[in-house]
Each structure stands twice: as C-alpha cells, then as structure tokens.
>>> print(open('coords_35.csv').read())   # CSV, C-alpha atoms
chain,number,residue,atom,x,y,z
A,764,MET,CA,11.2,-27.3,-13.9
A,765,SER,CA,9.2,-28.6,-16.8
A,766,SER,CA,7.8,-26.1,-19.2
A,767,ALA,CA,4.7,-28.2,-19.7
A,768,PRO,CA,2.5,-29.6,-17.0
A,769,PRO,CA,2.4,-33.4,-16.5
A,770,SER,CA,-0.5,-35.1,-18.1
A,771,ALA,CA,-3.4,-36.3,-15.9
A,772,ASP,CA,-3.9,-40.1,-15.9
A,773,GLU,CA,-7.4,-41.3,-16.9
A,774,GLY,CA,-9.1,-38.0,-16.3
A,775,ALA,CA,-8.8,-38.2,-12.5
A,776,CYS,CA,-7.1,-34.9,-12.4
A,777,SER,CA,-9.1,-31.7,-12.6
A,778,LEU,CA,-6.0,-29.6,-13.5
A,779,ALA,CA,-2.2,-30.1,-13.9
A,780,PHE,CA,0.5,-27.5,-13.3
A,781,ASP,CA,4.2,-27.0,-13.6
A,782,VAL,CA,4.4,-25.8,-10.0
A,783,ALA,CA,2.2,-26.2,-7.0
A,784,VAL,CA,2.7,-23.9,-4.0
A,785,ILE,CA,1.2,-24.9,-0.7
A,786,GLY,CA,0.9,-21.8,1.5
A,787,GLY,CA,-0.1,-18.3,0.4
A,788,GLY,CA,1.8,-16.3,3.0
A,789,PRO,CA,4.7,-13.9,1.9
A,790,ALA,CA,7.1,-16.7,1.0
A,791,GLY,CA,4.5,-18.8,-0.9
A,792,ALA,CA,3.1,-15.8,-2.7
A,793,ALA,CA,6.6,-14.6,-3.7
A,794,ALA,CA,7.5,-18.2,-4.9
A,795,ALA,CA,4.3,-18.4,-7.0
A,796,LEU,CA,5.0,-15.0,-8.6
A,797,GLY,CA,8.6,-15.9,-9.4
A,798,ALA,CA,7.6,-19.2,-10.9
A,799,ALA,CA,4.8,-17.7,-13.0
A,800,ARG,CA,7.0,-14.8,-14.2
A,801,ALA,CA,9.5,-17.4,-15.3
A,802,GLY,CA,6.8,-18.9,-17.6
A,803,HIS,CA,5.5,-21.7,-15.4
A,804,SER,CA,1.8,-22.5,-14.7
A,805,VAL,CA,1.3,-22.3,-11.0
A,806,ALA,CA,-1.4,-23.6,-8.6
A,807,LEU,CA,-1.3,-21.7,-5.3
A,808,PHE,CA,-3.2,-23.4,-2.4
A,809,GLU,CA,-4.1,-21.4,0.8
A,810,PRO,CA,-6.9,-22.5,3.1
A,811,GLN,CA,-7.8,-19.0,4.1
A,812,GLU,CA,-8.7,-16.0,1.8
A,813,GLU,CA,-7.3,-13.4,4.2
A,814,PRO,CA,-3.8,-13.3,5.8
A,815,ASP,CA,-3.7,-15.2,9.1
A,816,LYS,CA,-1.5,-13.0,11.1
A,817,PRO,CA,-2.0,-9.3,12.1
A,818,CYS,CA,1.7,-8.9,12.6
A,819,GLY,CA,4.6,-6.9,11.2
A,820,GLU,CA,7.2,-8.3,8.9
A,821,GLY,CA,11.0,-7.9,9.3
A,822,ILE,CA,12.3,-8.5,5.8
A,823,LEU,CA,16.1,-9.2,5.5
A,824,PRO,CA,18.1,-7.7,2.7
A,825,ALA,CA,17.8,-10.7,0.5
A,826,GLY,CA,14.0,-10.5,0.9
A,827,VAL,CA,14.1,-6.8,0.0
A,828,ALA,CA,15.9,-7.8,-3.2
A,829,VAL,CA,13.2,-10.3,-4.1
A,830,LEU,CA,10.5,-7.7,-3.6
A,831,VAL,CA,12.3,-5.4,-6.0
A,832,GLU,CA,12.9,-8.2,-8.5
A,833,LEU,CA,9.1,-9.0,-8.3
A,834,GLY,CA,8.3,-5.4,-9.2
A,835,LEU,CA,7.2,-4.5,-5.6
A,836,ALA,CA,9.8,-1.8,-5.0
A,837,ASP,CA,7.1,0.7,-4.1
A,838,LEU,CA,6.7,-1.2,-0.8
A,839,LEU,CA,10.0,0.3,0.4
A,840,ALA,CA,8.3,3.6,0.8
A,841,HIS,CA,5.7,2.1,3.2
A,842,GLY,CA,8.1,0.6,5.6
A,843,ARG,CA,11.1,1.5,7.7
A,844,ALA,CA,14.7,0.5,6.9
A,845,LEU,CA,16.3,-2.1,9.2
A,846,GLU,CA,20.0,-1.4,9.7
A,847,ARG,CA,20.8,-4.2,12.2
A,848,ILE,CA,19.3,-7.2,14.0
A,849,ARG,CA,19.4,-7.5,17.8
A,850,TYR,CA,19.6,-11.0,19.2
A,851,VAL,CA,18.4,-11.5,22.8
A,852,LEU,CA,19.8,-14.8,24.1
A,853,ASP,CA,18.5,-14.6,27.7
A,854,SER,CA,17.7,-11.9,30.2
A,855,GLU,CA,21.4,-10.9,30.5
A,856,ARG,CA,22.9,-11.5,27.0
A,857,GLU,CA,22.2,-9.8,23.8
A,858,PHE,CA,24.1,-8.6,20.7
A,859,GLU,CA,23.5,-6.7,17.5
A,860,VAL,CA,24.6,-7.6,14.0
A,861,PRO,CA,24.7,-4.9,11.3
A,862,LEU,CA,23.1,-5.8,8.0
A,863,PRO,CA,25.2,-5.4,4.9
A,864,THR,CA,22.3,-3.5,3.2
A,865,PRO,CA,19.1,-2.3,4.7
A,866,GLY,CA,16.2,-4.7,5.5
A,867,LEU,CA,12.6,-3.5,5.8
A,868,ALA,CA,10.1,-3.3,8.6
A,869,LEU,CA,6.7,-3.4,7.1
A,870,GLU,CA,3.1,-4.0,8.4
A,871,ARG,CA,1.9,-7.4,7.3
A,872,PRO,CA,-1.4,-6.1,5.9
A,873,VAL,CA,0.5,-3.8,3.6
A,874,LEU,CA,2.7,-6.6,2.3
A,875,ALA,CA,-0.2,-9.0,2.0
A,876,ALA,CA,-2.2,-6.5,-0.1
A,877,ALA,CA,0.7,-5.8,-2.4
A,878,LEU,CA,1.3,-9.5,-2.9
A,879,ALA,CA,-2.4,-10.2,-3.4
A,880,GLN,CA,-2.6,-7.5,-6.1
A,881,ALA,CA,0.4,-8.9,-7.9
A,882,LEU,CA,-1.0,-12.5,-7.7
A,883,ALA,CA,-4.3,-11.3,-9.1
A,884,SER,CA,-2.6,-9.7,-12.1
A,885,GLU,CA,-0.6,-12.8,-13.1
A,886,ALA,CA,-2.6,-15.0,-15.5
A,887,ARG,CA,-0.3,-18.1,-15.0
A,888,ILE,CA,-1.4,-18.4,-11.3
A,889,SER,CA,-4.5,-20.3,-10.3
A,890,ARG,CA,-5.5,-19.7,-6.7
A,891,PHE,CA,-7.4,-22.3,-4.7
A,892,THR,CA,-8.8,-21.7,-1.2
A,893,ARG,CA,-8.3,-25.3,-0.1
A,894,ARG,CA,-6.4,-27.3,2.4
A,895,VAL,CA,-4.6,-30.0,0.4
A,896,SER,CA,-2.5,-33.0,1.0
A,897,SER,CA,0.5,-33.9,-1.2
A,898,THR,CA,1.9,-37.2,-2.2
A,899,PRO,CA,5.1,-37.6,-4.3
A,900,GLU,CA,4.6,-39.6,-7.5
A,901,GLU,CA,7.0,-40.9,-10.1
A,902,ARG,CA,6.6,-37.8,-12.3
A,903,GLY,CA,5.8,-35.1,-9.7
A,904,PHE,CA,3.2,-34.6,-7.1
A,905,ARG,CA,-0.4,-35.4,-6.5
A,906,LEU,CA,-2.4,-32.8,-4.5
A,907,GLN,CA,-5.8,-33.7,-3.1
A,908,SER,CA,-8.7,-31.9,-1.2
A,909,GLY,CA,-11.6,-34.2,-0.8
A,910,THR,CA,-12.5,-35.6,-4.2
A,911,GLU,CA,-10.5,-32.9,-6.1
A,912,ILE,CA,-7.1,-33.8,-7.4
A,913,TRP,CA,-4.4,-31.8,-9.0
A,914,ARG,CA,-1.0,-32.7,-10.3
A,915,ALA,CA,2.2,-30.7,-10.4
A,916,HIS,CA,5.7,-31.4,-11.7
A,917,THR,CA,7.3,-29.4,-8.8
A,918,LEU,CA,6.0,-28.7,-5.2
A,919,ILE,CA,7.0,-25.8,-3.1
A,920,ALA,CA,6.1,-26.3,0.6
A,921,ALA,CA,5.5,-22.8,2.0
A,922,ASP,CA,2.9,-23.6,4.7
A,923,GLY,CA,5.0,-22.6,7.7
A,924,LEU,CA,6.5,-24.3,10.7
A,925,GLN,CA,3.4,-26.2,11.5
A,926,GLY,CA,2.7,-27.1,7.9
A,927,ARG,CA,2.3,-30.7,6.8
A,928,SER,CA,2.6,-30.4,3.1
A,929,ALA,CA,5.9,-32.3,2.9
A,930,ALA,CA,5.3,-34.6,5.9
A,931,TRP,CA,5.9,-37.7,3.7
>>> encode(input="coords_35.csv", output="structure tokens")
Amino acid sequence: MSSAPPSADEGACSLAFDVAVIGGGPAGAAAALGAARAGHSVALFEPQEEPDKPCGEGILPAGVAVLVELGLADLLAHGRALERIRYVLDSEREFEVPLPTPGLALERPVLAAALAQALASEARISRFTRRVSSTPEERGFRLQSGTEIWRAHTLIAADGLQGRSAAW
C-alpha cells in the first residue's frame, strides 16, 4: 500500500485516500481500522448508518485474534466461547469439528457498537454514508456516487455476498 494517497486529476476528485473500503459491516470496519492503524488514510463507504442485520455473530478463532489486535478484547466478556462448529449436511447427516482455540458467539449490535466507537476514534478514517461504484484505474481505483468522486490506491470490497463493488 502507498503511504501517500494518489493525486486527483484536474480537480475532479473531492478526496483521495490510500485505502477505500466498501462495506461497513464487521469485516469492512475491521479492515478500515487495521489499515488506519497501520498509518493509511481510509475512506469507509456504507450506504446505511445503522447495522443492517439484527443477528448474532459467530466469530472464528482468527476473528477473535483480530478483535484483540484491534484493541477490542473487552468484547470477549460480552459473548460466549465457541468450542466447536457443527455442520448439518442434510436431515440425516451432521458432524462437529472442535476449534483449536475458542471462537466467540456475540450479539451483532454489541459488535457493531464496539466497531462504531473504534471507527469514530480513528482520525485517519473518513466515513461516507453513500452507495458507490468502483472502477479500476491505472494507479488505483475511482469511486463514484452521483457527481461525487473519490480515488484510492487500494480497494477493499467488503460489501457482502450480494455486493457489486468489484463486479468489473
């Protein structure tokens, strides 16, 4: 990743960033935090201000390690340890796999609130409540919402299974 954002051409760009993250769910928020804490300027695009799913989160051990690395270890006290995963293949077949270290079962609103607080405290992150399209360019990516344009050296597509941020 570049340590300086790419320059805008002919003033068409409102802002330029090292990293653009499309999608502000748990994965996108964590990616934005990690990039910002590594010293990069970050644009985080999420079309909604509030989390979109009133569900729980099952966080695997690697994800728990990321939460700890991001300084969110206090979340571990708000969830329940996951020791294994059960796979149900059909109505007659299922099996369990033990996890090497505990995962975490956590209510999504608890996780979302902790991530939102961490994002708000990070000066290198600019948050935009916009739905954007992305286009690869010679030196990075162009992001656009209506007449607004941003540029970024690196793009992280974290807009989920139905996302279209990397449809090109």
>>> closest_residue(input="coords_35.csv", among="A:Val805, A:Val895, A:Ala844, A:Leu796", to="Thr917 (chain A)", atoms="all atoms listed in the file")
A:Val805
>>> residues_around(input="coords_35.csv", residues="Ala836 (chain A)", least_positions_apart="3", cutoff="12 Å", atoms="only C-alpha atoms", output="short mmCIF file (atom, residue, chain, number, x, y, z; two decimals) with C-alpha atoms, keeping the file's coordinate frame")
data_model
loop_
_atom_site.label_atom_id
_atom_site.label_comp_id
_atom_site.auth_asym_id
_atom_site.auth_seq_id
_atom_site.Cartn_x
_atom_site.Cartn_y
_atom_site.Cartn_z
CA GLY A 826 14.00 -10.50 0.90
CA VAL A 827 14.10 -6.80 0.00
CA ALA A 828 15.90 -7.80 -3.20
CA VAL A 829 13.20 -10.30 -4.10
CA LEU A 830 10.50 -7.70 -3.60
CA VAL A 831 12.30 -5.40 -6.00
CA GLU A 832 12.90 -8.20 -8.50
CA LEU A 833 9.10 -9.00 -8.30
CA LEU A 839 10.00 0.30 0.40
CA ALA A 840 8.30 3.60 0.80
CA HIS A 841 5.70 2.10 3.20
CA GLY A 842 8.10 0.60 5.60
CA LEU A 867 12.60 -3.50 5.80
CA LEU A 874 2.70 -6.60 2.30
CA ALA A 877 0.70 -5.80 -2.40
CA LEU A 878 1.30 -9.50 -2.90
#
>>> residues_around(input="coords_35.csv", residues="Arg927 (chain A)", least_positions_apart="6", cutoff="10 Å", atoms="all atoms listed in the file", output="PyMOL selection string")
chain A and resi 785+895-897+920-921
>>> closest_residue(input="coords_35.csv", among="A:Ala806, A:Leu882, A:Ala799, A:Ala790", to="Leu906 (chain A)", atoms="all atoms listed in the file")
A:Ala806
>>> residues_around(input="coords_35.csv", residues="Arg800 (chain A)", least_positions_apart="5", cutoff="9 Å", atoms="all atoms listed in the file", output="JSON, numbers by chain")
{"A": [795, 833, 885, 887]}
>>> residues_around(input="coords_35.csv", residues="Thr864 (chain A)", least_positions_apart="2", cutoff="8 Å", atoms="all atoms listed in the file", output="list in words")
Pro824, Glu846, Leu862 and Gly866 of chain A
>>> closest_residue(input="coords_35.csv", among="A:Ala801, A:Leu807, A:Ala793, A:Ala825", to="Ala915 (chain A)", atoms="all atoms listed in the file")
A:Leu807
>>> atom_distance(input="coords_35.csv", atom1="CA of Thr892 (chain A)", atom2="CA of Leu924 (chain A)")
19.6 Å
>>> atom_distance(input="coords_35.csv", atom1="CA of Thr910 (chain A)", atom2="CA of Ser777 (chain A)")
9.9 Å
>>> closest_residue(input="coords_35.csv", among="A:Ala868, A:Ala879, A:Leu838, A:Leu845", to="Pro789 (chain A)", atoms="all atoms listed in the file")
A:Ala879
>>> closest_residue(input="coords_35.csv", among="A:Glu911, A:Gly786, A:Leu852, A:Leu823", to="Leu869 (chain A)", atoms="all atoms listed in the file")
A:Leu823
>>> atom_distance(input="coords_35.csv", atom1="CA of Glu812 (chain A)", atom2="CA of Gly797 (chain A)")
20.6 Å
>>> closest_residue(input="coords_35.csv", among="A:Gly926, A:Gly909, A:Pro863, A:Pro872", to="Glu820 (chain A)", atoms="all atoms listed in the file")
A:Pro872
>>> build_atoms(input="coords_35.csv", residues="region 827-859 of chain A", atoms="N, CA and C atoms", output="mmCIF file, in the coordinates of the input")
data_model
loop_
_atom_site.group_PDB
_atom_site.id
_atom_site.type_symbol
_atom_site.label_atom_id
_atom_site.label_comp_id
_atom_site.auth_asym_id
_atom_site.auth_seq_id
_atom_site.Cartn_x
_atom_site.Cartn_y
_atom_site.Cartn_z
ATOM 1 N N VAL A 827 14.288 -8.137 0.593
ATOM 2 C CA VAL A 827 14.100 -6.800 0.000
ATOM 3 C C VAL A 827 14.429 -6.922 -1.522
ATOM 4 N N ALA A 828 15.535 -7.587 -1.827
ATOM 5 C CA ALA A 828 15.900 -7.800 -3.200
ATOM 6 C C ALA A 828 14.902 -8.544 -4.014
ATOM 7 N N VAL A 829 14.296 -9.545 -3.386
ATOM 8 C CA VAL A 829 13.200 -10.300 -4.100
ATOM 9 C C VAL A 829 12.032 -9.437 -4.332
ATOM 10 N N LEU A 830 11.632 -8.618 -3.363
ATOM 11 C CA LEU A 830 10.500 -7.700 -3.600
ATOM 12 C C LEU A 830 10.772 -6.793 -4.783
ATOM 13 N N VAL A 831 11.979 -6.260 -4.854
ATOM 14 C CA VAL A 831 12.300 -5.400 -6.000
ATOM 15 C C VAL A 831 12.292 -6.169 -7.287
ATOM 16 N N GLU A 832 12.850 -7.383 -7.283
ATOM 17 C CA GLU A 832 12.900 -8.200 -8.500
ATOM 18 C C GLU A 832 11.439 -8.559 -8.942
ATOM 19 N N LEU A 833 10.513 -8.698 -7.999
ATOM 20 C CA LEU A 833 9.100 -9.000 -8.300
ATOM 21 C C LEU A 833 8.319 -7.776 -8.735
ATOM 22 N N GLY A 834 8.972 -6.622 -8.769
ATOM 23 C CA GLY A 834 8.300 -5.400 -9.200
ATOM 24 C C GLY A 834 7.529 -4.725 -8.041
ATOM 25 N N LEU A 835 7.887 -5.027 -6.802
ATOM 26 C CA LEU A 835 7.200 -4.500 -5.600
ATOM 27 C C LEU A 835 8.054 -3.462 -4.892
ATOM 28 N N ALA A 836 8.927 -2.776 -5.594
ATOM 29 C CA ALA A 836 9.800 -1.800 -5.000
ATOM 30 C C ALA A 836 9.106 -0.673 -4.279
ATOM 31 N N ASP A 837 7.879 -0.370 -4.718
ATOM 32 C CA ASP A 837 7.100 0.700 -4.100
ATOM 33 C C ASP A 837 6.809 0.419 -2.618
ATOM 34 N N LEU A 838 6.894 -0.841 -2.213
ATOM 35 C CA LEU A 838 6.700 -1.200 -0.800
ATOM 36 C C LEU A 838 7.733 -0.563 0.111
ATOM 37 N N LEU A 839 8.914 -0.298 -0.422
ATOM 38 C CA LEU A 839 10.000 0.300 0.400
ATOM 39 C C LEU A 839 9.589 1.596 1.006
ATOM 40 N N ALA A 840 8.735 2.343 0.328
ATOM 41 C CA ALA A 840 8.300 3.600 0.800
ATOM 42 C C ALA A 840 7.276 3.508 1.967
ATOM 43 N N HIS A 841 6.692 2.315 2.132
ATOM 44 C CA HIS A 841 5.700 2.100 3.200
ATOM 45 C C HIS A 841 6.220 1.498 4.442
ATOM 46 N N GLY A 842 7.510 1.227 4.467
ATOM 47 C CA GLY A 842 8.100 0.600 5.600
ATOM 48 C C GLY A 842 9.239 1.455 6.193
ATOM 49 N N ARG A 843 9.972 0.841 7.084
ATOM 50 C CA ARG A 843 11.100 1.500 7.700
ATOM 51 C C ARG A 843 12.347 0.634 7.506
ATOM 52 N N ALA A 844 13.452 1.271 7.180
ATOM 53 C CA ALA A 844 14.700 0.500 6.900
ATOM 54 C C ALA A 844 15.190 -0.125 8.229
ATOM 55 N N LEU A 845 15.634 -1.361 8.106
ATOM 56 C CA LEU A 845 16.300 -2.100 9.200
ATOM 57 C C LEU A 845 17.769 -2.077 8.943
ATOM 58 N N GLU A 846 18.533 -1.507 9.853
ATOM 59 C CA GLU A 846 20.000 -1.400 9.700
ATOM 60 C C GLU A 846 20.731 -2.547 10.380
ATOM 61 N N ARG A 847 20.096 -3.149 11.396
ATOM 62 C CA ARG A 847 20.800 -4.200 12.200
ATOM 63 C C ARG A 847 19.713 -5.111 12.805
ATOM 64 N N ILE A 848 20.193 -6.243 13.281
ATOM 65 C CA ILE A 848 19.300 -7.200 14.000
ATOM 66 C C ILE A 848 19.881 -7.336 15.403
ATOM 67 N N ARG A 849 18.991 -7.324 16.368
ATOM 68 C CA ARG A 849 19.400 -7.500 17.800
ATOM 69 C C ARG A 849 18.919 -8.918 18.196
ATOM 70 N N TYR A 850 19.849 -9.697 18.703
ATOM 71 C CA TYR A 850 19.600 -11.000 19.200
ATOM 72 C C TYR A 850 19.556 -10.941 20.752
ATOM 73 N N VAL A 851 18.517 -11.461 21.375
ATOM 74 C CA VAL A 851 18.400 -11.500 22.800
ATOM 75 C C VAL A 851 18.499 -13.007 23.193
ATOM 76 N N LEU A 852 19.603 -13.403 23.815
ATOM 77 C CA LEU A 852 19.800 -14.800 24.100
ATOM 78 C C LEU A 852 19.168 -15.236 25.419
ATOM 79 N N ASP A 853 19.206 -14.385 26.395
ATOM 80 C CA ASP A 853 18.500 -14.600 27.700
ATOM 81 C C ASP A 853 18.394 -13.232 28.318
ATOM 82 N N SER A 854 17.997 -13.184 29.555
ATOM 83 C CA SER A 854 17.700 -11.900 30.200
ATOM 84 C C SER A 854 19.007 -11.043 30.367
ATOM 85 N N GLU A 855 20.171 -11.643 30.237
ATOM 86 C CA GLU A 855 21.400 -10.900 30.500
ATOM 87 C C GLU A 855 22.289 -10.736 29.242
ATOM 88 N N ARG A 856 22.019 -11.500 28.197
ATOM 89 C CA ARG A 856 22.900 -11.500 27.000
ATOM 90 C C ARG A 856 22.159 -11.090 25.773
ATOM 91 N N GLU A 857 22.720 -10.125 25.067
ATOM 92 C CA GLU A 857 22.200 -9.800 23.800
ATOM 93 C C GLU A 857 23.320 -9.187 22.921
ATOM 94 N N PHE A 858 23.139 -9.233 21.622
ATOM 95 C CA PHE A 858 24.100 -8.600 20.700
ATOM 96 C C PHE A 858 23.434 -8.165 19.454
ATOM 97 N N GLU A 859 24.075 -7.219 18.764
ATOM 98 C CA GLU A 859 23.500 -6.700 17.500
ATOM 99 C C GLU A 859 24.463 -7.048 16.363
#
